[in-house]
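protein11.tsv follows; it contains TSV, C-alpha atoms.
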chain	number	residue	atom	x	y	z
A	953	MET	CA	23.02	7.70	4.44
A	954	THR	CA	21.86	11.09	3.29
A	955	THR	CA	18.68	12.76	4.43
A	956	GLY	CA	15.88	11.84	2.07
A	957	SER	CA	17.37	8.48	1.14
A	958	ARG	CA	14.89	5.63	1.03
A	959	ASP	CA	15.90	4.19	4.40
A	960	ARG	CA	15.68	7.48	6.30
A	961	LEU	CA	12.78	9.91	6.64
A	962	PRO	CA	13.31	13.48	5.37
A	963	PRO	CA	13.43	16.19	8.10
A	964	LEU	CA	10.27	18.11	7.14
A	965	LEU	CA	8.31	14.87	6.93
A	966	VAL	CA	9.57	13.83	10.37
A	967	GLY	CA	8.18	17.10	11.74
A	968	ALA	CA	4.78	16.49	10.15
A	969	LEU	CA	4.54	12.84	11.16
A	970	THR	CA	5.58	13.30	14.79
A	971	ARG	CA	2.47	15.40	15.42
A	972	HIS	CA	0.31	12.27	15.01
A	973	TYR	CA	2.51	9.19	14.82
A	974	ASP	CA	5.34	7.43	16.60
A	975	VAL	CA	7.43	6.05	13.73
A	976	ILE	CA	8.86	2.70	14.81
A	977	ARG	CA	10.85	1.16	11.95
A	978	LEU	CA	11.26	0.65	8.24
A	979	LEU	CA	9.13	-2.26	6.98
A	980	GLY	CA	10.29	-2.35	3.37
A	981	GLN	CA	11.08	-0.58	0.16
A	982	GLY	CA	9.63	-0.86	-3.32
A	983	GLY	CA	9.44	0.85	-6.66
A	984	MET	CA	7.19	3.63	-5.35
A	985	GLY	CA	8.78	4.46	-2.01
A	986	SER	CA	9.41	3.05	1.43
A	987	VAL	CA	6.92	1.76	4.01
A	988	TRP	CA	7.27	2.47	7.73
A	989	LEU	CA	5.56	0.99	10.75
A	990	ALA	CA	4.09	3.62	13.08
A	991	ARG	CA	1.66	3.96	15.95
A	992	GLU	CA	-1.11	6.51	15.47
A	993	ARG	CA	-1.26	8.08	18.93
A	994	SER	CA	-4.81	9.50	18.85
A	995	LEU	CA	-6.44	6.16	18.02
A	996	ASP	CA	-3.75	3.93	19.57
A	997	ARG	CA	-3.44	1.76	16.47
A	998	MET	CA	-0.62	0.52	14.31
A	999	VAL	CA	-0.43	1.87	10.76
A	1000	ALA	CA	1.87	1.50	7.80
A	1001	ILE	CA	3.05	4.77	6.28
A	1002	LYS	CA	4.12	4.73	2.64
A	1003	VAL	CA	6.57	7.53	1.78
A	1004	LEU	CA	7.74	8.99	-1.52
A	1005	ALA	CA	10.92	11.02	-0.88
A	1006	GLY	CA	14.40	11.74	-2.15
A	1007	GLU	CA	14.86	12.25	-5.89
A	1008	ASP	CA	11.45	10.70	-6.62
A	1009	VAL	CA	9.59	13.50	-4.84
A	1010	THR	CA	11.13	16.13	-7.14
A	1011	THR	CA	9.70	14.44	-10.24
A	1012	THR	CA	6.23	15.67	-11.21
A	1013	THR	CA	5.38	12.33	-12.82
A	1014	MET	CA	6.28	10.34	-9.70
A	1015	ARG	CA	4.40	12.75	-7.43
A	1016	GLU	CA	1.27	12.40	-9.58
A	1017	ARG	CA	1.59	8.60	-9.71
A	1018	PHE	CA	1.87	8.50	-5.91
A	1019	ARG	CA	-1.18	10.79	-5.49
A	1020	ARG	CA	-3.11	8.63	-7.98
A	1021	GLU	CA	-2.18	5.48	-6.05
A	1022	ALA	CA	-3.50	7.08	-2.83
A	1023	ARG	CA	-6.74	8.26	-4.52
A	1024	ILE	CA	-7.35	4.78	-5.92
A	1025	ALA	CA	-6.68	3.05	-2.60
A	1026	ALA	CA	-8.86	5.55	-0.71
A	1027	LYS	CA	-11.93	4.75	-2.79
A	1028	LEU	CA	-11.63	0.98	-2.29
A	1029	LEU	CA	-13.32	0.19	1.02
A	1030	HIS	CA	-13.47	-3.61	1.20
A	1031	PRO	CA	-12.61	-6.13	3.94
A	1032	ASN	CA	-9.95	-7.74	1.72
A	1033	ILE	CA	-8.22	-4.55	0.60
A	1034	VAL	CA	-5.76	-2.74	2.87
A	1035	PRO	CA	-7.53	0.53	3.84
A	1036	LEU	CA	-6.04	4.00	3.38
A	1037	PHE	CA	-6.55	6.33	6.37
A	1038	ALA	CA	-4.79	9.62	5.56
A	1039	PHE	CA	-2.70	11.41	2.93
A	1040	GLY	CA	-0.27	14.27	3.38
A	1041	GLU	CA	2.68	16.06	1.86
A	1042	THR	CA	5.60	18.20	2.90
A	1043	PRO	CA	8.11	19.99	0.66
A	1044	ASP	CA	10.42	16.97	0.94
A	1045	ALA	CA	7.94	14.06	0.81
A	1046	LEU	CA	4.48	12.70	0.10
A	1047	TYR	CA	2.99	10.03	2.33
A	1048	TYR	CA	-0.12	8.13	3.19
A	1049	ALA	CA	-1.10	6.10	6.23
A	1050	MET	CA	-2.84	2.78	5.71
A	1051	GLY	CA	-3.91	-0.19	7.75
A	1052	PHE	CA	-1.07	-2.28	9.13
A	1053	VAL	CA	-1.62	-5.97	8.53
A	1054	GLU	CA	0.03	-7.86	11.36
A	1055	GLY	CA	1.19	-11.04	9.70
A	1056	GLU	CA	3.07	-11.83	6.53
A	1057	SER	CA	2.80	-11.78	2.77
A	1058	LEU	CA	1.63	-14.82	0.87
A	1059	ALA	CA	5.11	-14.90	-0.71
A	1060	THR	CA	6.75	-15.21	2.72
A	1061	ARG	CA	4.35	-17.96	3.75
A	1062	LEU	CA	4.92	-19.88	0.51
A	1063	ASP	CA	8.70	-19.59	0.95
A	1064	ARG	CA	8.41	-20.96	4.48
A	1065	GLU	CA	5.78	-23.67	4.00
A	1066	GLY	CA	5.89	-24.49	0.30
A	1067	ARG	CA	2.62	-25.94	-0.85
A	1068	LEU	CA	-0.40	-24.77	1.17
A	1069	PRO	CA	-3.41	-26.92	2.10
A	1070	ARG	CA	-6.15	-26.96	-0.55
A	1071	ALA	CA	-8.74	-25.38	1.77
A	1072	THR	CA	-6.35	-22.50	2.57
A	1073	VAL	CA	-5.63	-21.90	-1.12
A	1074	ILE	CA	-9.35	-21.86	-1.95
A	1075	ARG	CA	-10.07	-19.40	0.89
A	1076	ILE	CA	-7.23	-17.04	-0.13
A	1077	LEU	CA	-8.25	-17.17	-3.80
A	1078	ASP	CA	-11.89	-16.53	-2.89
A	1079	GLU	CA	-11.02	-13.52	-0.72
A	1080	ILE	CA	-8.66	-11.97	-3.28
A	1081	ALA	CA	-11.11	-12.65	-6.13
A	1082	ASP	CA	-13.81	-10.88	-4.11
A	1083	ALA	CA	-11.47	-7.89	-3.56
A	1084	LEU	CA	-10.56	-7.77	-7.27
A	1085	ALA	CA	-14.21	-8.03	-8.33
A	1086	PHE	CA	-15.04	-5.11	-6.03
A	1087	ALA	CA	-12.14	-3.06	-7.41
A	1088	HIS	CA	-13.27	-3.81	-10.98
A	1089	ARG	CA	-16.81	-2.65	-10.16
A	1090	GLU	CA	-15.20	0.58	-8.96
A	1091	GLY	CA	-13.31	0.90	-12.27
A	1092	VAL	CA	-9.90	-0.16	-10.93
A	1093	VAL	CA	-7.64	-2.83	-12.44
A	1094	HIS	CA	-4.87	-3.76	-9.98
A	1095	ARG	CA	-2.31	-5.03	-12.57
A	1096	ASP	CA	0.20	-6.30	-9.99
A	1097	VAL	CA	-1.47	-9.24	-8.24
A	1098	LYS	CA	1.30	-11.44	-6.90
A	1099	PRO	CA	2.10	-13.21	-3.61
A	1100	ASP	CA	4.12	-10.20	-2.37
A	1101	ASN	CA	1.00	-8.00	-2.66
A	1102	ILE	CA	-1.30	-10.38	-0.77
A	1103	LEU	CA	-1.01	-9.95	2.98
A	1104	LEU	CA	-2.23	-12.59	5.43
A	1105	ASP	CA	-3.53	-11.33	8.77
A	1106	ALA	CA	-1.97	-13.34	11.61
A	1107	LYS	CA	-5.06	-13.32	13.85
A	1108	SER	CA	-7.88	-13.97	11.37
A	1109	GLY	CA	-5.96	-15.52	8.48
A	1110	ARG	CA	-7.80	-13.11	6.17
A	1111	ALA	CA	-6.11	-12.33	2.85
A	1112	MET	CA	-5.79	-8.64	2.01
A	1113	LEU	CA	-4.81	-7.10	-1.30
A	1114	ALA	CA	-2.20	-4.32	-1.15
A	1115	ASP	CA	-0.16	-2.03	-3.42
A	1116	PHE	CA	-2.22	-0.23	-6.06
A	1117	GLY	CA	0.89	1.56	-7.34
A	1118	ILE	CA	0.45	0.52	-10.97
A	1119	ALA	CA	-3.33	0.11	-10.97
A	1120	ARG	CA	-5.29	1.39	-13.94
A	1121	LEU	CA	-8.32	3.56	-13.24
A	1122	GLN	CA	-11.10	3.73	-15.81
A	1123	ASP	CA	-13.05	6.97	-16.06
A	1124	ALA	CA	-16.76	7.16	-16.80
A	1125	VAL	CA	-16.30	6.54	-20.54
A	1126	GLY	CA	-13.80	3.68	-20.08
A	1127	THR	CA	-10.58	5.42	-20.99
A	1128	SER	CA	-7.42	4.81	-19.05
A	1129	VAL	CA	-5.60	7.46	-17.04
A	1130	THR	CA	-2.28	5.62	-17.37
A	1131	GLN	CA	0.03	5.98	-20.34
A	1132	ALA	CA	-0.66	3.81	-23.37
A	1133	GLY	CA	2.18	1.61	-24.57
A	1134	VAL	CA	3.99	1.52	-21.22
A	1135	ALA	CA	4.81	-1.96	-19.91
A	1136	VAL	CA	4.02	-2.36	-16.19
A	1137	GLY	CA	3.37	-5.16	-13.76

Target encoding structure tokens, full file:
Amino acid sequence: MTTGSRDRLPPLLVGALTRHYDVIRLLGQGGMGSVWLARERSLDRMVAIKVLAGEDVTTTTMRERFRREARIAAKLLHPNIVPLFAFGETPDALYYAMGFVEGESLATRLDREGRLPRATVIRILDEIADALAFAHREGVVHRDVKPDNILLDAKSGRAMLADFGIARLQDAVGTSVTQAGVAVG
């Protein structure tokens, strides 16, 4: 493994993060970076830190997409959307800290249990529909709603929408800030 690879944090980012967080372990990797579990020391809470590093951080387009994802997530304060707490950057990485949902994705639950009870399905659909309706009122179209991006809180059972990496944001006159003609989602 080389420094800056997706399964290892870059050195300058480690320095920045260790001022506020105890990084515990890698949670997963996706198209727009890696996600790490950490404990925020000052508030004694668990957070998930999404990191853009390695070759991706040197690309202006990827850096702007990551910043846009963070800006979109930060404006969406809703009980069924994973909250964003902080954003930062170092010369070797960009990152943001968001709420950690202790539980599993809907995809994991479906793989384990197969068909879910009707009442559970209705509740999950209602909660995610409410989150999407809120996002749409805020001018955001998620564009990647799938079981992997729906997290189920272990304690409350609440469904939470995550990953606004390919969301489309409408400006005041209804034009898109994403590229036209690009297939995503």

*Around the point (9.1, 1.9, 1.0), in the coordinates given by the file, pick out the residues reaching within 9 Å, counting all atoms listed in the file, and return them as a ChimeraX atom specification.*
/A:958-959,978-988,1001-1004

Export C-alpha atoms of the chosen residues as a PDB file, keeping the file's coordinate frame?
ATOM      1  CA  ARG A 958      14.890   5.630   1.030  1.00  0.00           C
ATOM      2  CA  ASP A 959      15.900   4.190   4.400  1.00  0.00           C
ATOM      3  CA  LEU A 978      11.260   0.650   8.240  1.00  0.00           C
ATOM      4  CA  LEU A 979       9.130  -2.260   6.980  1.00  0.00           C
ATOM      5  CA  GLY A 980      10.290  -2.350   3.370  1.00  0.00           C
ATOM      6  CA  GLN A 981      11.080  -0.580   0.160  1.00  0.00           C
ATOM      7  CA  GLY A 982       9.630  -0.860  -3.320  1.00  0.00           C
ATOM      8  CA  GLY A 983       9.440   0.850  -6.660  1.00  0.00           C
ATOM      9  CA  MET A 984       7.190   3.630  -5.350  1.00  0.00           C
ATOM     10  CA  GLY A 985       8.780   4.460  -2.010  1.00  0.00           C
ATOM     11  CA  SER A 986       9.410   3.050   1.430  1.00  0.00           C
ATOM     12  CA  VAL A 987       6.920   1.760   4.010  1.00  0.00           C
ATOM     13  CA  TRP A 988       7.270   2.470   7.730  1.00  0.00           C
ATOM     14  CA  ILE A1001       3.050   4.770   6.280  1.00  0.00           C
ATOM     15  CA  LYS A1002       4.120   4.730   2.640  1.00  0.00           C
ATOM     16  CA  VAL A1003       6.570   7.530   1.780  1.00  0.00           C
ATOM     17  CA  LEU A1004       7.740   8.990  -1.520  1.00  0.00           C
TER      18      LEU A1004
END

*asked:* Could you check the closest approach to Thr1042 of chain A for each of A:Ala1026, A:Leu961, A:Ala1071, A:Val1092 and tell me which residue wins, using all atoms listed in the file?
replied: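 Between A:Ala1026, A:Leu961, A:Ala1071, A:Val1092, the residue approaching Thr1042 of chain A most closely is A:Leu961.
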
*Coordinates-based distance that separates atom CA of Gly1117 of chain A from atom CA of Leu1084 of chain A (Å, one decimal)*: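 Separation of atom CA of Leu1084 of chain A and atom CA of Gly1117 of chain A: 14.8 Å.
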
*For Asn1101 of chain A, which residue out of A:Ala1005, A:Val975, A:Phe1086, A:Asp1115 is the nearest one, using all atoms listed in the file?*
A:Asp1115

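Our summary of the geometry notes that atom CA of Asp1100 of chain A is positioned 15.3 Å from atom CA of Val1073 of chain A.
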
*Could you pull the residues within 10 Å of Asp1082 of chain A, counting all atoms listed in the file, minus those fewer than 5 positions along the same chain, as a ChimeraX atom specification?*
/A:1030-1033,1076-1077,1087-1088

Please dump the current selection as an mmCIF file, in the coordinates of the input; keep C-alpha atoms.
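Result saved to out.cif:
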data_model
loop_
_atom_site.group_PDB
_atom_site.id
_atom_site.type_symbol
_atom_site.label_atom_id
_atom_site.label_comp_id
_atom_site.auth_asym_id
_atom_site.auth_seq_id
_atom_site.Cartn_x
_atom_site.Cartn_y
_atom_site.Cartn_z
ATOM 1 C CA HIS A 1030 -13.470 -3.610 1.200
ATOM 2 C CA PRO A 1031 -12.610 -6.130 3.940
ATOM 3 C CA ASN A 1032 -9.950 -7.740 1.720
ATOM 4 C CA ILE A 1033 -8.220 -4.550 0.600
ATOM 5 C CA ILE A 1076 -7.230 -17.040 -0.130
ATOM 6 C CA LEU A 1077 -8.250 -17.170 -3.800
ATOM 7 C CA ALA A 1087 -12.140 -3.060 -7.410
ATOM 8 C CA HIS A 1088 -13.270 -3.810 -10.980
#

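Going from atom CA of Lys1027 of chain A over to atom CA of Ala1114 of chain A, you cover 13.4 Å.
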
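Nearest to Phe1037 of chain A of all the residues A:Leu1068, A:Val1009, A:Val999, A:Leu1062 is A:Val999, counting all atoms listed in the file.
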
Enclose all atoms of segment 1003-1016 of chain A listed in the file in an axis-aligned box, grow every side by 3 Å, and hand back centre and edge lengths in Å to one decimal, as JSON.
{"center_x": 8.1, "center_y": 11.8, "center_z": -5.5, "size_x": 19.6, "size_y": 14.6, "size_z": 20.6}

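Shortest atom-to-atom contact with Thr1010 of chain A among A:Glu1090, A:Asp996, A:Asp1044, A:Glu1065: A:Asp1044, counting all atoms listed in the file.
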